[in-house]
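Below is the file input.cif, which contains mmCIF, C-alpha atoms.
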data_data
#
loop_
_atom_site.label_atom_id
_atom_site.label_comp_id
_atom_site.auth_asym_id
_atom_site.auth_seq_id
_atom_site.Cartn_x
_atom_site.Cartn_y
_atom_site.Cartn_z
CA MET L 105 0.00 0.00 0.00
CA SER L 106 1.40 3.40 -1.01
CA LEU L 107 2.04 6.22 1.45
CA TYR L 108 -0.75 8.31 -0.09
CA GLN L 109 -3.18 5.39 0.13
CA ARG L 110 -2.47 5.08 3.86
CA LEU L 111 -3.00 8.80 4.38
CA PHE L 112 -6.21 8.80 2.38
CA LYS L 113 -7.58 5.75 4.15
CA TYR L 114 -7.50 7.58 7.47
CA SER L 115 -8.15 11.09 6.18
CA PRO L 116 -10.38 12.95 8.69
CA SER L 117 -13.11 14.48 6.54
CA GLU L 118 -16.79 15.06 7.04
CA HIS L 119 -17.42 14.62 3.33
CA SER L 120 -18.56 11.28 2.01
CA THR L 121 -16.21 11.48 -0.99
CA PRO L 122 -13.01 13.27 0.05
CA LEU L 123 -10.97 12.08 -2.93
CA GLU L 124 -11.24 15.33 -4.92
CA ASN L 125 -10.05 17.52 -2.06
CA TYR L 126 -7.38 14.99 -1.10
CA LEU L 127 -5.97 14.84 -4.62
CA THR L 128 -5.97 18.63 -4.82
CA GLU L 129 -3.94 18.93 -1.61
CA CYS L 130 -1.47 16.24 -2.74
CA LEU L 131 -1.02 17.85 -6.15
CA SER L 132 -0.56 21.30 -4.64
CA ASP L 133 2.16 20.03 -2.31
CA LEU L 134 4.04 18.30 -5.12
CA LEU L 135 3.79 21.29 -7.46
CA GLN L 136 4.97 23.65 -4.73
CA ARG L 137 8.02 21.46 -4.15
CA LEU L 138 8.83 21.49 -7.86
CA THR L 139 8.31 25.26 -7.96
CA LEU L 140 10.68 25.99 -5.07
CA ILE L 141 13.45 23.55 -5.94
CA GLU L 142 14.64 25.37 -9.08
CA ASP L 143 15.71 28.98 -9.56
CA ASP L 144 14.60 29.05 -13.21
CA ARG L 145 11.37 27.10 -12.51
CA SER L 146 11.85 25.23 -15.78
CA THR L 147 10.28 21.97 -14.54
CA ILE L 148 7.12 23.58 -13.22
CA GLN L 149 6.88 25.70 -16.38
CA ASP L 150 6.93 22.53 -18.44
CA PHE L 151 4.15 20.99 -16.29
CA VAL L 152 2.01 24.12 -16.54
CA THR L 153 2.46 24.35 -20.31
CA ARG L 154 2.06 20.70 -21.25
CA VAL L 155 -0.56 19.62 -18.70
CA LEU L 156 -2.59 22.52 -17.33
CA LEU L 157 -2.56 24.83 -20.35
CA GLY L 158 -2.14 22.25 -23.09
CA SER L 159 -0.25 24.74 -25.26
CA GLU L 160 2.31 27.51 -24.99
CA ASN L 161 1.26 30.76 -23.31
CA ILE L 162 4.27 33.06 -23.45
CA ALA L 163 2.81 35.71 -21.14
CA LEU L 164 2.02 33.22 -18.37
CA SER L 165 5.37 31.45 -18.80
CA ASP L 166 7.23 34.74 -18.49
CA CYS L 167 5.20 35.68 -15.44
CA LEU L 168 6.03 32.36 -13.76
CA ARG L 169 9.70 32.56 -14.74
CA HIS L 170 10.34 36.11 -13.50
CA ALA L 171 8.06 36.31 -10.45
CA LYS L 172 9.77 36.86 -7.11
CA THR L 173 7.30 34.50 -5.44
CA ALA L 174 5.20 31.69 -6.89
CA THR L 175 2.81 29.78 -4.64
CA TRP L 176 0.10 27.17 -5.13
CA GLU L 177 -2.91 27.80 -2.86
CA THR L 178 -5.78 25.40 -2.19
CA GLN L 179 -9.28 26.45 -1.16
CA TYR L 180 -8.42 30.13 -1.53
CA ARG L 181 -11.45 32.22 -0.59
CA ILE L 182 -12.78 34.43 -3.38
CA THR L 183 -15.71 36.85 -3.31
CA ASP L 184 -17.99 38.20 -6.02
CA ALA L 185 -21.31 40.01 -5.60
CA GLY L 186 -21.23 39.29 -1.88
CA ARG L 187 -20.98 35.51 -2.35
CA HIS L 188 -17.95 33.39 -1.48
CA ALA L 189 -16.36 30.39 -3.12
CA TYR L 190 -13.24 28.28 -2.65
CA PRO L 191 -11.55 27.18 -5.88
CA ASP L 192 -9.59 23.97 -5.59
CA LEU L 193 -6.20 25.31 -6.67
CA CYS L 194 -4.71 28.68 -7.64
CA LEU L 195 -1.21 29.60 -8.76
CA PHE L 196 -0.21 33.07 -7.55
CA CYS L 197 2.82 34.91 -8.90
CA ASP L 198 3.76 37.92 -6.76
CA SER L 199 0.31 37.65 -5.12
CA LYS L 200 -1.45 37.84 -8.49
CA PRO L 201 -3.52 34.83 -9.68
CA ILE L 202 -2.31 33.51 -13.03
CA ILE L 203 -3.98 30.07 -13.10
CA LEU L 204 -7.15 28.85 -11.38
CA VAL L 205 -7.73 25.09 -11.42
CA GLU L 206 -11.01 23.34 -10.63
CA ASN L 207 -10.55 19.63 -9.87
CA LYS L 208 -13.34 17.17 -10.66
CA ILE L 209 -13.42 13.40 -10.55
CA ALA L 210 -17.01 12.64 -11.57
CA ALA L 211 -19.11 15.23 -9.72
CA GLY L 212 -21.11 17.91 -11.47
CA PHE L 213 -20.78 21.66 -11.09
CA THR L 214 -22.47 23.62 -8.33
CA GLU L 215 -24.38 26.89 -8.78
CA LYS L 216 -24.63 30.16 -6.87
CA LEU L 217 -27.55 32.55 -6.65
CA LEU L 218 -26.35 36.16 -7.06
CA GLU L 219 -28.72 38.95 -6.05
CA SER L 220 -28.51 42.69 -6.67
CA GLU L 221 -30.92 45.60 -6.47
CA THR L 222 -31.89 45.16 -10.11
CA GLN L 223 -31.67 41.43 -10.83
CA THR L 224 -31.22 37.90 -9.55
CA GLU L 225 -29.15 35.41 -11.50
CA THR L 226 -27.91 31.85 -11.08
CA VAL L 227 -24.23 31.42 -11.92
CA SER L 228 -22.50 28.09 -12.41
CA GLN L 229 -19.31 27.22 -10.56
CA LEU L 230 -16.92 27.87 -13.46
CA HIS L 231 -18.71 31.08 -14.43
CA PHE L 232 -18.37 32.34 -10.87
CA TYR L 233 -14.62 31.63 -10.94
CA ASP L 234 -14.40 33.25 -14.37
CA ARG L 235 -15.99 36.48 -13.12
CA TRP L 236 -13.65 36.75 -10.15
CA LEU L 237 -10.53 35.80 -12.10
CA TYR L 238 -11.24 38.30 -14.87
CA LYS L 239 -11.46 41.12 -12.34
CA GLU L 240 -8.20 40.04 -10.68
CA ASN L 241 -6.22 39.24 -13.83
CA PRO L 242 -7.90 39.12 -17.27
CA ASP L 243 -4.80 37.46 -18.74
CA ALA L 244 -4.95 34.49 -16.35
CA ALA L 245 -5.97 30.94 -17.31
CA LEU L 246 -9.02 29.02 -16.11
CA VAL L 247 -8.43 25.24 -16.08
CA LEU L 248 -10.65 22.23 -15.45
CA LEU L 249 -8.68 19.20 -14.24
CA THR L 250 -10.98 16.20 -14.55
CA HIS L 251 -11.25 12.43 -14.61
CA PHE L 252 -14.83 11.80 -15.79
CA THR L 253 -16.62 15.16 -15.55
CA GLN L 254 -17.02 16.83 -18.94
CA PRO L 255 -16.44 20.59 -19.34
CA PRO L 256 -19.61 22.64 -19.86
CA ALA L 257 -20.53 23.85 -23.33
CA GLY L 258 -18.47 26.82 -24.44
CA PHE L 259 -15.76 26.35 -21.82
CA LEU L 260 -12.85 25.11 -23.91
CA HIS L 261 -10.72 27.93 -25.24
CA HIS L 262 -11.08 26.73 -28.83
CA GLU L 263 -14.87 27.13 -28.59
CA VAL L 264 -14.73 30.87 -29.18
CA ALA L 265 -16.37 33.50 -31.31
CA GLY L 266 -14.50 35.34 -34.05
CA ASN L 267 -13.18 37.99 -31.67
CA GLY L 268 -11.64 35.36 -29.41
CA SER L 269 -14.08 35.64 -26.50
CA HIS L 270 -16.98 33.35 -25.76
CA PRO L 271 -20.09 35.26 -24.63
CA GLU L 272 -20.44 33.20 -21.45
CA PHE L 273 -16.82 33.44 -20.32
CA GLN L 274 -14.57 36.48 -19.98
CA ILE L 275 -11.23 34.74 -19.43
CA ARG L 276 -9.80 34.11 -22.88
CA PHE L 277 -7.44 31.24 -22.02
CA ARG L 278 -9.41 28.21 -20.82
CA ASN L 279 -8.46 24.56 -20.95
CA SER L 280 -9.56 21.14 -19.78
CA CYS L 281 -6.98 18.48 -18.89
CA LEU L 282 -7.17 14.96 -17.50
CA TRP L 283 -5.74 13.29 -14.43
CA THR L 284 -4.20 10.76 -16.83
CA ASP L 285 -2.25 13.70 -18.31
CA VAL L 286 -0.91 14.46 -14.82
CA PHE L 287 0.04 10.79 -14.38
CA GLU L 288 1.85 10.63 -17.72
CA TRP L 289 3.80 13.85 -17.16
CA PHE L 290 4.93 12.81 -13.67
CA SER L 291 5.92 9.35 -14.98
CA LYS L 292 7.96 10.84 -17.79
CA TRP L 293 9.68 13.32 -15.48
CA LEU L 294 10.61 10.58 -13.00
CA ASN L 295 12.53 8.86 -15.80
CA SER L 296 14.39 12.04 -16.80
CA GLU L 297 18.03 12.80 -16.05
CA ARG L 298 17.10 15.83 -13.95
CA ALA L 299 14.90 13.79 -11.62
CA ARG L 300 17.95 11.67 -10.70
CA LEU L 301 19.86 14.63 -9.28
CA PRO L 302 20.37 14.51 -5.47
CA GLU L 303 18.31 17.64 -4.77
CA TYR L 304 15.23 15.92 -6.23
CA GLN L 305 15.43 12.81 -4.08
CA CYS L 306 12.59 13.77 -1.73
CA VAL L 307 10.14 14.90 -4.41
CA ARG L 308 11.11 11.90 -6.55
CA THR L 309 10.14 9.54 -3.71
CA LEU L 310 6.84 11.33 -3.09
CA LEU L 311 5.97 11.35 -6.77
CA GLY L 312 6.56 7.61 -6.99
CA GLU L 313 4.19 7.06 -4.08
CA PHE L 314 1.63 9.43 -5.58
CA LEU L 315 1.66 7.63 -8.92
CA ALA L 316 1.10 4.34 -7.11
CA PHE L 317 -1.90 5.92 -5.39
CA LEU L 318 -3.35 7.20 -8.69
CA GLU L 319 -2.89 3.80 -10.23
CA GLY L 320 -4.74 2.25 -7.31
CA GLN L 321 -7.65 4.64 -7.95
CA ASN L 322 -7.72 3.59 -11.64
CA MET L 323 -6.60 7.07 -12.63
CA ALA L 324 -3.60 5.96 -14.67
CA PRO L 325 -3.87 5.73 -18.48
CA VAL L 326 -6.10 2.82 -19.46
CA SER L 327 -4.67 -0.20 -21.24
CA LEU L 328 -6.67 -3.05 -22.76
CA VAL L 329 -5.48 -6.64 -22.68
CA ALA L 330 -6.59 -9.65 -24.69
CA ALA L 331 -8.82 -10.93 -21.86
CA ASP L 332 -10.89 -7.72 -22.07
CA LEU L 333 -11.95 -8.50 -25.63
CA GLY L 334 -14.07 -11.48 -24.66
CA VAL L 335 -15.93 -9.46 -22.06
CA MET L 336 -16.39 -6.63 -24.54
CA ASP L 337 -17.79 -8.98 -27.17
CA ALA L 338 -20.38 -10.34 -24.73
CA PHE L 339 -21.23 -6.79 -23.61
CA PHE L 340 -22.10 -5.74 -27.15
CA GLU L 341 -23.69 -9.02 -28.16
CA HIS L 342 -26.22 -8.89 -25.33
CA ASP L 343 -26.80 -5.12 -25.63
CA VAL L 344 -26.11 -4.76 -21.90
CA TRP L 345 -25.58 -0.99 -21.88
CA ASN L 346 -28.86 -0.18 -23.60
CA LYS L 347 -30.79 -2.61 -21.39
CA VAL L 348 -29.44 -1.08 -18.18
CA LYS L 349 -29.92 2.46 -19.49
CA LEU L 350 -33.58 1.83 -20.37
CA LEU L 351 -34.15 0.01 -17.08
CA LEU L 352 -32.84 2.94 -15.01
CA GLU L 353 -34.79 5.46 -17.10
CA ARG L 354 -38.04 3.56 -16.44
CA LEU L 355 -37.17 3.16 -12.79
CA ARG L 356 -36.52 6.90 -12.36
CA LYS L 357 -40.14 7.68 -13.27
CA ASP L 358 -41.31 5.36 -10.49
CA VAL L 359 -38.83 6.60 -7.89
CA GLU L 360 -39.10 10.39 -8.30
CA PRO L 361 -42.62 10.66 -6.77
CA LEU L 362 -41.38 8.81 -3.68
CA LEU L 363 -38.52 11.22 -2.93
CA PRO L 364 -38.86 13.84 -0.18
CA SER L 365 -39.08 17.35 -1.67
CA LEU L 366 -36.89 16.65 -4.70
CA TRP L 367 -34.14 19.12 -5.52
CA GLY L 368 -31.89 18.69 -8.48
CA LYS L 369 -32.34 16.19 -11.24
CA PRO L 370 -31.33 12.56 -11.36
CA GLN L 371 -28.77 11.67 -13.99
CA ARG L 372 -30.19 11.36 -17.49
CA VAL L 373 -28.12 8.24 -18.26
CA PRO L 374 -26.41 5.66 -16.07
CA VAL L 375 -23.08 6.92 -14.81
CA THR L 376 -19.97 4.93 -13.99
CA TYR L 377 -18.85 6.81 -10.89
CA LEU L 378 -15.33 5.95 -9.88
CA ASP L 379 -13.54 7.18 -6.78
CA ALA L 380 -11.88 5.69 -3.72
CA VAL L 381 -14.97 3.82 -2.58
CA ASP L 382 -17.43 3.61 -5.47
CA LYS L 383 -17.55 1.71 -8.74
CA LEU L 384 -21.22 1.99 -9.50
CA LEU L 385 -23.70 2.09 -12.34
CA TRP L 386 -26.37 4.17 -10.71
CA ASP L 387 -28.82 7.03 -10.54
CA TRP L 388 -29.54 9.50 -7.76
CA ALA L 389 -31.49 12.60 -6.74
CA TYR L 390 -30.93 15.27 -4.10
CA CYS L 391 -33.60 15.82 -1.45
CA PHE L 392 -35.20 18.72 0.46
CA SER L 393 -35.55 21.63 -1.97
CA ASP L 394 -35.74 24.27 0.78
CA ARG L 395 -32.11 23.53 1.67
CA LYS L 396 -30.01 23.78 -1.50
CA ASP L 397 -26.82 23.63 0.54
CA LEU L 398 -27.79 20.31 2.12
CA GLN L 399 -26.79 17.97 -0.74
CA TRP L 400 -28.28 14.86 0.80
CA TYR L 401 -29.13 12.35 -1.86
CA ILE L 402 -30.87 9.03 -2.29
CA GLY L 403 -29.19 6.78 -4.83
CA TRP L 404 -30.02 3.42 -6.41
CA GLY L 405 -28.47 1.13 -8.99
CA LEU L 406 -25.97 -1.67 -9.58
CA ALA L 407 -22.50 -2.30 -8.16
CA GLY L 408 -19.78 -4.73 -9.15
CA GLU L 409 -17.80 -7.06 -6.91
CA ASP L 410 -15.86 -4.27 -5.17
CA GLY L 411 -18.28 -1.45 -5.98
CA LEU L 412 -19.44 -1.09 -2.38
CA LYS L 413 -16.05 -1.64 -0.75
CA GLY L 414 -16.32 1.71 1.03
CA VAL L 415 -19.19 0.30 3.06
CA HIS L 416 -16.74 -1.71 5.19
CA LEU L 417 -19.28 -4.52 5.50
CA ALA L 418 -18.89 -8.21 4.87
CA MET L 419 -20.75 -8.42 1.57
CA THR L 420 -22.83 -11.56 1.06
CA GLY L 421 -24.05 -13.13 -2.14
CA ALA L 422 -22.58 -12.97 -5.62
CA SER L 423 -22.07 -9.73 -7.51
CA PRO L 424 -23.43 -7.66 -9.13
CA TYR L 425 -25.37 -6.12 -6.27
CA VAL L 426 -28.57 -4.08 -6.34
CA PHE L 427 -28.52 -1.25 -3.80
CA ALA L 428 -30.23 1.86 -2.43
CA LEU L 429 -28.55 4.38 -0.14
CA LEU L 430 -28.88 7.69 1.68
CA ALA L 431 -25.72 9.79 1.82
CA SER L 432 -24.45 13.36 1.54
CA ASP L 433 -22.02 15.43 -0.49
CA LYS L 434 -21.83 18.25 2.03
CA ILE L 435 -23.70 18.62 5.34
CA PRO L 436 -23.55 15.24 7.14
CA VAL L 437 -26.59 13.01 7.44
CA CYS L 438 -26.98 13.09 11.23
CA LEU L 439 -29.14 10.33 12.68
CA ASN L 440 -30.36 10.11 16.25
CA HIS L 441 -30.93 6.80 17.97
CA GLY L 442 -34.54 6.61 16.78
CA ALA L 443 -33.62 7.17 13.14
CA VAL L 444 -30.85 4.57 13.30
CA LYS L 445 -33.26 2.08 14.84
CA LEU L 446 -35.87 2.84 12.16
CA ALA L 447 -33.35 2.24 9.39
CA GLU L 448 -32.07 -1.00 10.89
CA GLU L 449 -35.63 -2.27 11.36
CA GLN L 450 -36.14 -1.79 7.62
CA GLY L 451 -33.07 -3.92 6.90
CA PHE L 452 -30.60 -1.10 6.19
CA HIS L 453 -26.97 -1.01 7.24
CA VAL L 454 -26.05 2.21 9.07
CA TRP L 455 -22.41 3.18 9.50
CA GLU L 456 -19.99 6.08 9.86
CA PRO L 457 -17.37 6.18 7.07
CA ILE L 458 -15.14 8.12 9.47
CA PRO L 459 -15.77 7.15 13.11
CA ALA L 460 -16.78 9.84 15.60
CA TYR L 461 -17.73 12.37 12.92
CA LYS L 462 -21.47 11.59 13.24
CA HIS L 463 -21.78 11.46 9.47
CA TYR L 464 -23.83 8.46 8.51
CA ARG L 465 -24.53 6.48 5.41
CA VAL L 466 -27.57 4.26 5.15
CA LEU L 467 -27.51 1.36 2.71
CA LYS L 468 -29.50 -1.70 1.70
CA TYR L 469 -28.24 -4.15 -0.88
CA THR L 470 -28.90 -7.60 -2.26
CA SER L 471 -27.37 -9.86 -4.88
CA ALA L 472 -28.95 -9.42 -8.31
CA GLU L 473 -28.67 -13.19 -8.65
CA ALA L 474 -30.96 -13.59 -5.66
CA LEU L 475 -33.58 -11.41 -7.36
CA ALA L 476 -33.42 -13.30 -10.63
CA GLY L 477 -34.68 -16.69 -9.53
CA GLU L 478 -35.95 -19.28 -11.97
CA GLY L 479 -38.46 -17.92 -14.45
CA LYS L 480 -38.46 -14.39 -12.95
CA ASP L 481 -38.13 -11.14 -14.89
CA LEU L 482 -34.95 -9.67 -13.39
CA GLY L 483 -35.74 -6.19 -14.67
CA ARG L 484 -39.14 -6.16 -12.98
CA GLU L 485 -37.75 -7.64 -9.77
CA PHE L 486 -35.00 -5.00 -9.77
CA GLN L 487 -37.56 -2.21 -10.19
CA ASN L 488 -39.79 -3.52 -7.42
CA TRP L 489 -36.87 -4.00 -5.02
CA VAL L 490 -35.53 -0.48 -5.59
CA LYS L 491 -38.95 1.17 -5.26
CA THR L 492 -39.53 -0.60 -1.95
CA ALA L 493 -36.05 0.25 -0.67
CA VAL L 494 -36.38 3.94 -1.61
CA ALA L 495 -39.83 4.12 -0.01
CA ASP L 496 -38.31 2.67 3.18
CA LEU L 497 -35.45 5.21 3.04
CA VAL L 498 -37.71 8.27 2.89
CA PRO L 499 -38.91 8.08 6.55
CA VAL L 500 -35.27 7.76 7.64
CA ALA L 501 -34.30 10.83 5.61
CA ASN L 502 -37.26 12.76 7.00
CA ALA L 503 -36.33 11.82 10.58
CA ALA L 504 -32.75 12.96 10.01
CA TYR L 505 -33.95 16.22 8.44
CA LYS L 506 -36.20 16.99 11.41
CA GLU L 507 -33.23 16.38 13.72
CA LEU L 508 -31.10 18.76 11.66
CA ARG L 509 -33.68 21.54 11.79
#

Would you mind writing the structure in this file as structure tokens?
Amino acid sequence: MSLYQRLFKYSPSEHSTPLENYLTECLSDLLQRLTLIEDDRSTIQDFVTRVLLGSENIALSDCLRHAKTATWETQYRITDAGRHAYPDLCLFCDSKPIILVENKIAAGFTEKLLESETQTETVSQLHFYDRWLYKENPDAALVLLTHFTQPPAGFLHHEVAGNGSHPEFQIRFRNSCLWTDVFEWFSKWLNSERARLPEYQCVRTLLGEFLAFLEGQNMAPVSLVAADLGVMDAFFEHDVWNKVKLLLERLRKDVEPLLPSLWGKPQRVPVTYLDAVDKLLWDWAYCFSDRKDLQWYIGWGLAGEDGLKGVHLAMTGASPYVFALLASDKIPVCLNHGAVKLAEEQGFHVWEPIPAYKHYRVLKYTSAEALAGEGKDLGREFQNWVKTAVADLVPVANAAYKELR
């Protein structure tokens, strides 16, 4: 197990999915080390150009090269129209932001409601960063570092109007890069002559551990082997993707009326969500529309053999599993003794991903094989099981919400 895997395993966070923030902090530390170790900053300039920017930007390169100070800051507080936000990563040169990086694994983008005396508008996460960054430094770069999340329409810097500025974004230089790009650049640098110099020994060791961690999270470049071809052939032959997609689309129509005060929209297609704990083909919806900062959600779907490994339960039955869960992206799901008892009486597992933080997850699962049975319609059994499980979850969510209020 790599050093970074050990640190992540015991990372004290109230969030159910701390991987994005954890990766941001790790990357910031490594980039800061590479920035400080060289007087000419040639290594970090190469990373910025090849990975974050994707092409040469002479003005930003010169700024980075000649700045007296260059620092990478995480969760730096920014303010616009009286609202605050905390971008994942910013590079400051002489206290001036030159690159703002938003890190996404598979999550979507949040929104902010901006109010003035004359109008009220909803601004997406990247647009909010764009507005602030343009005021601070219109020549800066806005970057999306992602694994699965796609950039919004009009974000990429090549999607521009004739005058070089997209109507929805003010920052001219925008780019989207992948975590696999980060992996490949670090791997290549580790094999360079410069990396073997004595002064790089510490950062070389840390980078090796970090790459092992990324590989363990399946965030290294993908390679196919001969054994994958047989699985792929069966996948296409049986039209598995379309069957699951249609099944979840039908199921969504049955589940939505059961949800408590729906906020947000379930995914429009099944999503393969991959992070430290989840490998799932699933759908979800946020609950309690009067609390848009709550980000509690009820999810349902299918999981592979290790897809629910973050549950820390002894899984029974053969995979794939059918599941339903109550969890949170932000404010913890806090359950009192009565709510825990109610959930357990309904057959749910209740646990704290991080002990003593009073942040609970509530889950019920079963083997899809157990639902199939001889002569049964697995699709119909799956739908009925999920509808029942979600209906049983709603009273638990309501009880937790009353406790929160």

Please enumerate the residues selected by the PyMOL selection byres ((chain L and resi 291) around 12) when evaluated against the supplied file, formatted as a PyMOL selection string.
chain L and resi 151+284-290+292-296+299+308+311-316+318-319+324-325

Which residues match the PyMOL selection byres ((chain L and resi 152-160) around 9) in the file above, as a VMD selection string?
chain L and resid 147 to 151 161 to 162 164 to 165 203 205 245 to 249 277 to 282 285 to 286 289

Exercise: Ala171 in chain L partners within 6 Å, all atoms listed in the file, chain neighbours under 2 positions left out, as a list in words:
Cys167, Leu168, Arg169, Thr173, Cys197 and Asp198 of chain L

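Ranking L:Val335, L:His251, L:Val437, L:Asn125 by their shortest atom-to-atom distance to Trp455 in chain L, with only C-alpha atoms included, puts L:Val437 first.
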
To one decimal place, how far is CA of Val494 in chain L from CA of Ile209 in chain L in Å?
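Distance between the two atoms: 26.4 Å.
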
Considering only C-alpha atoms, can you say which of L:Leu385, L:Leu333, L:Leu350, L:Ala501 comes closest to Tyr401 in chain L?
L:Ala501

Using all atoms listed in the file, which protein or nucleic acid residues come within 6 Å of range 227-229 of chain L? Drop anything in the same chain fewer than 6 positions from it, and give the result as a list in words.
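So, after excluding close chain neighbours, the residues are Phe213, Thr214, Glu215 and Lys216 of chain L.
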